[in-house]
Amino acid sequence: MPVWRVTVNAVEASRKEQVPGNVQIEVKPSIEKAKVEKSGKGGKDIIRTPYNLEVNYTPKVGSIKVKGDMILINEDFDKIADKKGLITDSEIVRQMYQRIFLEPMVLTIQLAKEMMLPMPVRMPEVKVEQK
């Protein structure tokens with residue numbers, strides 16, 4: 001898997017005083033332009049791609065924003081990205097969004113719980129049936 005590390009660089013969260021019962025939740029992940037860097041002195045080339053994960057509530061009762069970087073290794077930048085730095089390889093893009101939904105999403109779930117906002121993902125419901 002080319003995504004080696006996912007970092008969190010900034011977190012912003014807010015909540016209004018009253019949260020109504022019927023709230024719509026919009027989750028918006030995004031990946032920005034990538035760039036090639038060296039890993040340490042004389043190290044290998046890595047690809048650093050900033051990402052954003054936003055959770056917005058309607059009516060506007062709160063929001064959660066997480067920003068960070070994804071580090072890709074063992075990939076040829078010219079083969080997976082266009083000249084503007086946007087990742088174009090669909091499998092790499094899929095893996096990157098998958099990692100956003102695994103790692104930074106856990107942080108948004110924890111923040112939503114602490115701030116008493118609705119969870120940004122549906123949690124499984126347990127049903128008990130009598131036989």
# chains A, B, ... in the order shown; residues from 1 in each chain; ligands from 1
>>> select_by_dssp(residues="chain A", states="strand (DSSP E or B)", output="VMD selection string")
chain A and resid 3 to 15 24 to 31 35 to 38 45 to 58 62 to 72 81 87
>>> closest_atom_pairs(of="region 45-110 of chain A", to="region 33-41 of chain A", cutoff="7 Å", atoms="only C-alpha atoms", output="tab-separated table")
residue	atom	partner	partner_atom	distance
A:Asp45	CA	A:Lys38	CA	4.7
A:Ile46	CA	A:Glu37	CA	5.3
A:Ile47	CA	A:Val36	CA	4.6
A:Arg48	CA	A:Lys35	CA	5.5
A:Thr49	CA	A:Ala34	CA	4.3
A:Pro50	CA	A:Lys33	CA	6.9
A:Gly85	CA	A:Lys33	CA	4.8
A:Leu86	CA	A:Lys33	CA	4.8
A:Ile87	CA	A:Ala34	CA	7.0
>>> write_last_selection(atoms="C-alpha atoms", output="compact mmCIF listing (two decimals), in the first residue's frame")
# COMPACT_ATOMS: atom_id res chain seq x y z
CA ASP A 45 11.67 10.46 -2.58
CA ILE A 46 8.31 10.61 -0.86
CA ILE A 47 5.08 12.18 -2.04
CA ARG A 48 3.31 14.53 0.39
CA THR A 49 -0.37 15.24 -0.25
CA PRO A 50 -2.41 17.52 2.02
CA GLY A 85 0.25 17.81 -8.81
CA LEU A 86 -3.18 16.18 -8.62
CA ILE A 87 -3.15 12.43 -8.05
>>> atom_distance(atom1="CA of Glu54 (chain A)", atom2="CA of Thr88 (chain A)")
22.1 Å
>>> closest_residue(among="A:Thr7, A:Thr58, A:Gln98, A:Gln110", to="Pro29 (chain A)", atoms="only C-alpha atoms")
A:Gln98
>>> select_by_dssp(residues="chain A", states="helix (DSSP H, G or I)", output="list in words")
Phe77, Asp78, Lys79, Ile80, Ser90, Glu91, Ile92, Val93, Arg94, Gln95, Met96, Tyr97, Gln98, Arg99, Ile100, Phe101, Leu102, Pro104, Met105, Val106, Leu107, Thr108, Ile109, Gln110, Leu111, Ala112, Lys113 and Glu114 of chain A
>>> residues_around(residues="Ala13 (chain A)", least_positions_apart="3", cutoff="9 Å", atoms="only C-alpha atoms", output="list in words")
Gly62, Ser63, Ile64, Lys65, Val66, Thr108, Leu111, Ala112 and Met115 of chain A
>>> closest_atom_pairs(of="region 39-124 of chain A", to="region 18-28 of chain A", cutoff="6 Å", atoms="only C-alpha atoms", output="tab-separated table")
residue	atom	partner	partner_atom	distance
A:Leu53	CA	A:Lys28	CA	5.7
A:Glu54	CA	A:Lys28	CA	5.0
A:Val55	CA	A:Val27	CA	4.6
A:Asn56	CA	A:Glu26	CA	5.2
A:Tyr57	CA	A:Ile25	CA	4.8
A:Thr58	CA	A:Gln24	CA	5.0
A:Val61	CA	A:Val19	CA	6.0
>>> write_last_selection(atoms="C-alpha atoms", output="PDB file, in the first residue's frame")
ATOM      1  CA  LEU A  53     -11.927  16.301   6.234  1.00  0.00           C
ATOM      2  CA  GLU A  54     -14.915  18.505   7.038  1.00  0.00           C
ATOM      3  CA  VAL A  55     -18.053  17.588   8.940  1.00  0.00           C
ATOM      4  CA  ASN A  56     -20.826  20.174   8.622  1.00  0.00           C
ATOM      5  CA  TYR A  57     -24.164  20.127  10.393  1.00  0.00           C
ATOM      6  CA  THR A  58     -27.406  21.638   9.038  1.00  0.00           C
ATOM      7  CA  VAL A  61     -25.126  23.932  14.936  1.00  0.00           C
TER       8      VAL A  61
END
>>> closest_residue(among="A:Ser30, A:Gln130, A:Ser90, A:Ser14", to="Gly68 (chain A)", atoms="only C-alpha atoms")
A:Ser30
